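Worksheet for the structure shown next.
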Amino acid sequence: MPHRSIHWFRKGLRLHDNPALLAAMKDCEELHPIFILDPWFPRNMKVSVNRWRFLIEALKDLDENLKMINSRLFVVRGKPAEVFPQLFKKWKVTRLTFEVDTEPYSRQRDAEVGRIATEHNVEVIQKVSNTLYDVDRVIAENNGKPPLTYVRLQTVLASIGPPKRPCSAPTKENMKDCRTPWKGSYEEIYGIPTLEELGQDPTKLGPHLYPGGESEALRRLDLNMKRTAWVCNFKKPETEPNSLTPSTTVLSPYMKFGCLSTRTFYWRLAEIYHGKKHSSPPVSLHGQLLWREFFYTAGAGIPNFNKMEGNSVCVQVDWDENKDYLEAWREARTGYPFIDAIMTQLRTEGWIHHLARHAVACFLTRGDLWISWEEGQKVFEELLLDADWSLNAGNWQWLSASAFFHQFFRVYSPVAFGKKTDKNGDYIKKYLPILKKFPPEYIYEPWKSPRSVQERAGCIIGKDYPKPIVEHETVSKHNIQRMKAAYARRSGTSGEQAPKSPSNKKGVKRKAPSVADLFKKK
DNA sequence: TTCATGGTTGTTGGC
DNA sequence: CGCCAACAACCATGA
């Protein structure tokens, strides 16, 4: 008996390397590829108009690519648990396929849909294709816990072996005995939504720098992979956070939506590396894909991963509530041009370089404003085209020195960090044109300029552009002490009277133990 | 149990 | 410009 299948697209908005879609087409007489506009998402998270546009474009591209193999995409409106019983009956469905998604809401949603499918005698097939590895297997191989260091992850992955190779995209041949019926009413019922239908204001859109969709993803991948020397020499920490055009691939939004398969990317890189000298993880492009894997594994295996409380790996820090500071950060009004330029790029373009994320995340949390990383996480979740639940939560914990990274005394300077790669402040001038007439010596610290310079620049600090909301040199020192106290509480001692550790002399590598070390429990 | 090692991406100031 | 030490000092891992 041939099957009547639904393939449910959620992430994984692509035809290439989509094993669940192929499974839907096997021994199939009728295929319905669907995407569900699930009201849970807009209800539980803000999504910028830029990311809605990206999603709409990805769906349009998916529909076009499905048309090429004699199929279509059906966009269904409603809650999955309410939608599926109707679709199962209407289309006499016998099989449901989708890609494994390890985010908490997705797991709960998919478990419920799985139960409903079983009640309707619908077979469910799930395939791993969002991550390089089955993250549950990685956790199992590591004694049931996600690796907390990158090196540990590498060890575990080495024992598993290389990731699977991608499977090829379906062709008309796969659809030979299978049809996707759609009628005249298709557009009204299953058409791709507009921004207006989604309640979005198109006049708020930023520049159209990163169009959504699989076709654009593969084009962008090809473009980047042509630069073989660049690919082989790629070292992430040496790329620039404040170049006027991105210094990295900007494939992250395409990976977030699954327009590009991580495995396809991985094996393309492997081909290019083959027989050549090349950089290695963690700094190489392969290394970047492993970082994604690292945070996906952590997000899948650590309960309450996007929160501080109830999160077993997260240091409990007494963050301040400070609406004014938070708003100033979010709205690019901190008075630190480098920070404000980054936040402006984020809001308008939806993508900022990884190191730029470091700078603003450190500034919001442990560096300067002492505001919870959860607040920053929410802002990034709204504004980033590539906002991905596990990566966003994991990186915020990293940057706030709450988990994974613990050297909280390494603080980014909102002034010095950007100067390293952009002495003239061209990046600042691009995103904060009000400052464009300041000379390079004051562009990172315009408040230090004499009144005459401000007048000549046509920008009075405190009037046309804000004064710094905090004094970095003072607050960052104070905050390091607060971090030290938070860590000390974690290990069950008081951090207040920690002795000054002796200064290192040449050849003397280790320090005297701190009070926290001496009084560690057990 | 203890302890050495290393950790993708800090800053400043001296040579 | 590159390199290095000093700054103050954390954790996870593995031997």
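Chain labels A, B, ... are given in the sequence in which chains occur in the structure tokens; within each chain residues are numbered consecutively from 1, and ligands are likewise numbered from 1 in the order shown.
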
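The residue set within 8 Å of Ile69 of chain A, counting only C-alpha atoms (C1' of nucleotides) and dropping same-chain residues fewer than 5 places from it, reads Pro170, Thr171, Lys172 and Met175 of chain A.
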
Residues of chain B within 8 Å of chain A, counting only C-alpha atoms (C1' of nucleotides) - could you list those as a list in words? DT8, DT9, DG10 and DT11 of chain B

Written file, previous selection with C-alpha atoms (C1' of nucleotides), as a tab-separated table (two decimals), in the first residue's frame:
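In the end it all went to again_22.tsv:
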chain	number	residue	atom	x	y	z
B	8	DT	C1'	38.69	30.25	20.08
B	9	DT	C1'	38.97	35.93	20.38
B	10	DG	C1'	41.42	41.30	27.27
B	11	DT	C1'	44.15	45.42	28.38

Could you list, as a JSON list (two decimals) with N, CA, C and O atoms, in the first residue's frame, every residue within 10 Å of segment 50-56 of chain A, counting only C-alpha atoms (C1' of nucleotides) and ignoring same-chain residues fewer than 5 positions away?
[["chain", "number", "residue", "atom", "x", "y", "z"],
["A", 13, "LEU", "N", 14.55, 24.36, 6.29],
["A", 13, "LEU", "CA", 13.79, 24.89, 5.15],
["A", 13, "LEU", "C", 14.60, 24.75, 3.87],
["A", 13, "LEU", "O", 15.11, 25.71, 3.30],
["A", 61, "ASP", "N", 11.03, 30.56, -1.40],
["A", 61, "ASP", "CA", 12.06, 29.82, -2.13],
["A", 61, "ASP", "C", 11.80, 28.32, -2.05],
["A", 61, "ASP", "O", 11.97, 27.59, -3.02],
["A", 62, "LEU", "N", 11.36, 27.89, -0.86],
["A", 62, "LEU", "CA", 11.04, 26.48, -0.68],
["A", 62, "LEU", "C", 9.91, 26.07, -1.62],
["A", 62, "LEU", "O", 9.97, 25.03, -2.28],
["A", 192, "ILE", "N", 1.67, 31.69, 1.06],
["A", 192, "ILE", "CA", 2.74, 32.20, 1.92],
["A", 192, "ILE", "C", 2.31, 33.55, 2.48],
["A", 192, "ILE", "O", 1.78, 34.39, 1.75],
["A", 193, "PRO", "N", 2.49, 33.74, 3.79],
["A", 193, "PRO", "CA", 1.97, 34.97, 4.41],
["A", 193, "PRO", "C", 2.74, 36.21, 3.95],
["A", 193, "PRO", "O", 3.88, 36.11, 3.50],
["A", 194, "THR", "N", 2.10, 37.34, 4.07],
["A", 194, "THR", "CA", 2.78, 38.62, 3.85],
["A", 194, "THR", "C", 3.14, 39.19, 5.22],
["A", 194, "THR", "O", 2.65, 38.73, 6.26],
["A", 195, "LEU", "N", 4.00, 40.20, 5.21],
["A", 195, "LEU", "CA", 4.35, 40.87, 6.47],
["A", 195, "LEU", "C", 3.10, 41.45, 7.12],
["A", 195, "LEU", "O", 2.93, 41.39, 8.34],
["A", 198, "LEU", "N", 1.17, 39.07, 9.07],
["A", 198, "LEU", "CA", 1.87, 38.74, 10.32],
["A", 198, "LEU", "C", 1.91, 39.93, 11.27],
["A", 198, "LEU", "O", 2.57, 39.88, 12.32],
["A", 200, "GLN", "N", 3.18, 42.87, 10.73],
["A", 200, "GLN", "CA", 4.45, 43.58, 10.68],
["A", 200, "GLN", "C", 4.36, 44.82, 9.79],
["A", 200, "GLN", "O", 3.61, 44.84, 8.81],
["A", 202, "PRO", "N", 6.07, 46.95, 7.14],
["A", 202, "PRO", "CA", 7.16, 46.87, 6.15],
["A", 202, "PRO", "C", 8.03, 48.14, 6.10],
["A", 202, "PRO", "O", 9.18, 48.07, 5.66],
["A", 204, "LYS", "N", 9.36, 49.44, 8.48],
["A", 204, "LYS", "CA", 10.42, 49.30, 9.50],
["A", 204, "LYS", "C", 11.55, 48.39, 9.05],
["A", 204, "LYS", "O", 12.50, 48.12, 9.80],
["A", 205, "LEU", "N", 11.44, 47.86, 7.82],
["A", 205, "LEU", "CA", 12.47, 46.95, 7.33],
["A", 205, "LEU", "C", 13.81, 47.65, 7.16],
["A", 205, "LEU", "O", 13.87, 48.81, 6.78],
["A", 206, "GLY", "N", 14.88, 46.94, 7.44],
["A", 206, "GLY", "CA", 16.23, 47.45, 7.20],
["A", 206, "GLY", "C", 16.67, 47.13, 5.78],
["A", 206, "GLY", "O", 15.90, 46.53, 5.01],
["A", 207, "PRO", "N", 17.91, 47.49, 5.44],
["A", 207, "PRO", "CA", 18.42, 47.16, 4.10],
["A", 207, "PRO", "C", 18.40, 45.65, 3.87],
["A", 207, "PRO", "O", 18.56, 44.86, 4.78],
["A", 208, "HIS", "N", 18.19, 45.29, 2.60],
["A", 208, "HIS", "CA", 17.96, 43.90, 2.24],
["A", 208, "HIS", "C", 19.29, 43.21, 1.93],
["A", 208, "HIS", "O", 19.60, 42.92, 0.78],
["A", 210, "TYR", "N", 20.64, 40.29, 3.38],
["A", 210, "TYR", "CA", 20.74, 38.84, 3.47],
["A", 210, "TYR", "C", 19.37, 38.23, 3.15],
["A", 210, "TYR", "O", 18.63, 37.86, 4.06],
["A", 211, "PRO", "N", 19.06, 38.10, 1.87],
["A", 211, "PRO", "CA", 17.76, 37.52, 1.49],
["A", 211, "PRO", "C", 17.65, 36.08, 1.99],
["A", 211, "PRO", "O", 18.64, 35.35, 1.98],
["A", 212, "GLY", "N", 16.46, 35.68, 2.39],
["A", 212, "GLY", "CA", 16.27, 34.35, 2.93],
["A", 212, "GLY", "C", 16.16, 33.29, 1.85],
["A", 212, "GLY", "O", 15.94, 33.61, 0.68],
["A", 213, "GLY", "N", 16.34, 32.04, 2.25],
["A", 213, "GLY", "CA", 16.06, 30.94, 1.35],
["A", 213, "GLY", "C", 17.23, 30.05, 1.01],
["A", 213, "GLY", "O", 18.39, 30.46, 1.08],
["A", 253, "PRO", "N", 22.48, 32.95, 9.46],
["A", 253, "PRO", "CA", 21.01, 32.99, 9.36],
["A", 253, "PRO", "C", 20.46, 31.82, 8.55],
["A", 253, "PRO", "O", 19.36, 31.31, 8.84],
["A", 254, "TYR", "N", 21.23, 31.39, 7.56],
["A", 254, "TYR", "CA", 20.78, 30.29, 6.71],
["A", 254, "TYR", "C", 20.85, 28.96, 7.45],
["A", 254, "TYR", "O", 20.06, 28.06, 7.21],
["A", 257, "PHE", "N", 17.79, 28.75, 10.08],
["A", 257, "PHE", "CA", 16.52, 28.30, 9.49],
["A", 257, "PHE", "C", 16.68, 26.97, 8.75],
["A", 257, "PHE", "O", 15.70, 26.45, 8.23],
["A", 259, "CYS", "N", 18.17, 26.64, 5.93],
["A", 259, "CYS", "CA", 18.25, 26.85, 4.48],
["A", 259, "CYS", "C", 19.54, 26.22, 3.96],
["A", 259, "CYS", "O", 19.64, 25.83, 2.81],
["A", 347, "ARG", "N", 20.25, 46.34, 15.03],
["A", 347, "ARG", "CA", 18.83, 46.70, 14.87],
["A", 347, "ARG", "C", 18.46, 46.88, 13.39],
["A", 347, "ARG", "O", 17.39, 46.45, 12.97],
["A", 348, "THR", "N", 19.34, 47.49, 12.62],
["A", 348, "THR", "CA", 18.97, 47.78, 11.24],
["A", 348, "THR", "C", 19.22, 46.61, 10.30],
["A", 348, "THR", "O", 18.42, 46.36, 9.41],
["A", 349, "GLU", "N", 20.32, 45.89, 10.50],
["A", 349, "GLU", "CA", 20.72, 44.88, 9.52],
["A", 349, "GLU", "C", 20.49, 43.44, 9.99],
["A", 349, "GLU", "O", 20.49, 42.52, 9.19],
["A", 350, "GLY", "N", 20.36, 43.23, 11.29],
["A", 350, "GLY", "CA", 20.04, 41.90, 11.80],
["A", 350, "GLY", "C", 21.22, 40.95, 11.91],
["A", 350, "GLY", "O", 21.04, 39.78, 12.25],
["A", 382, "GLU", "N", 15.30, 38.75, 19.50],
["A", 382, "GLU", "CA", 14.41, 39.54, 18.66],
["A", 382, "GLU", "C", 15.11, 40.01, 17.37],
["A", 382, "GLU", "O", 14.56, 39.89, 16.28],
["A", 383, "LEU", "N", 16.30, 40.51, 17.51],
["A", 383, "LEU", "CA", 16.90, 41.28, 16.41],
["A", 383, "LEU", "C", 17.82, 40.49, 15.47],
["A", 383, "LEU", "O", 18.02, 40.91, 14.33],
["A", 384, "LEU", "N", 18.39, 39.41, 15.95],
["A", 384, "LEU", "CA", 19.33, 38.68, 15.09],
["A", 384, "LEU", "C", 18.60, 37.82, 14.06],
["A", 384, "LEU", "O", 17.70, 37.05, 14.42],
["A", 385, "LEU", "N", 19.00, 37.91, 12.81],
["A", 385, "LEU", "CA", 18.46, 37.01, 11.79],
["A", 385, "LEU", "C", 18.81, 35.56, 12.13],
["A", 385, "LEU", "O", 18.07, 34.64, 11.83],
["A", 386, "ASP", "N", 19.98, 35.38, 12.77],
["A", 386, "ASP", "CA", 20.44, 34.02, 13.06],
["A", 386, "ASP", "C", 20.12, 33.57, 14.48],
["A", 386, "ASP", "O", 20.67, 32.57, 14.94],
["A", 387, "ALA", "N", 19.24, 34.31, 15.17],
["A", 387, "ALA", "CA", 18.93, 33.96, 16.56],
["A", 387, "ALA", "C", 18.53, 32.48, 16.66],
["A", 387, "ALA", "O", 17.51, 32.07, 16.13]]

Extract, using only C-alpha atoms (C1' of nucleotides), all DNA, RNA and protein residues at most 12 Å from segment 10-13 of chain C, discarding same-chain residues fewer than 4 positions from it, and format them as a PyMOL selection string. (chain A and resi 147-153+155+313-315+401-410+480+483-488+490-491+514+516-517) or (chain B and resi 3-7)

Run DSSP on the backbone of this structure and report the residues of segment 182-383 of chain A it assigns to alpha helix (DSSP H), as a count of residues only. 98

Length of the atom CA of Arg482 of chain A to atom CA of Asp324 of chain A vector [Å]: 20.7 Å

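For the pair atom CA of Asp464 of chain A and atom CA of Phe338 of chain A, the separation is 16.4 Å.
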
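What separates atom CA of Trp351 of chain A from atom CA of Gln154 of chain A is a distance of 28.1 Å.
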
Just the residues within 12 Å of Phe265 of chain A, please, counting only C-alpha atoms (C1' of nucleotides), with nothing from its chain fewer than 2 positions along; format it as a PyMOL selection string. chain A and resi 16-17+130-132+163-166+217-218+220-222+224-225+231+249+251-252+254-255+258-263+267-272+285-290

Find the residues near Gln126 of chain A: any atom within 10 Å, counting only C-alpha atoms (C1' of nucleotides), skip ones fewer than 5 places away on the same chain, and give them as a ChimeraX atom specification. /A:19-21,23,96-101,110
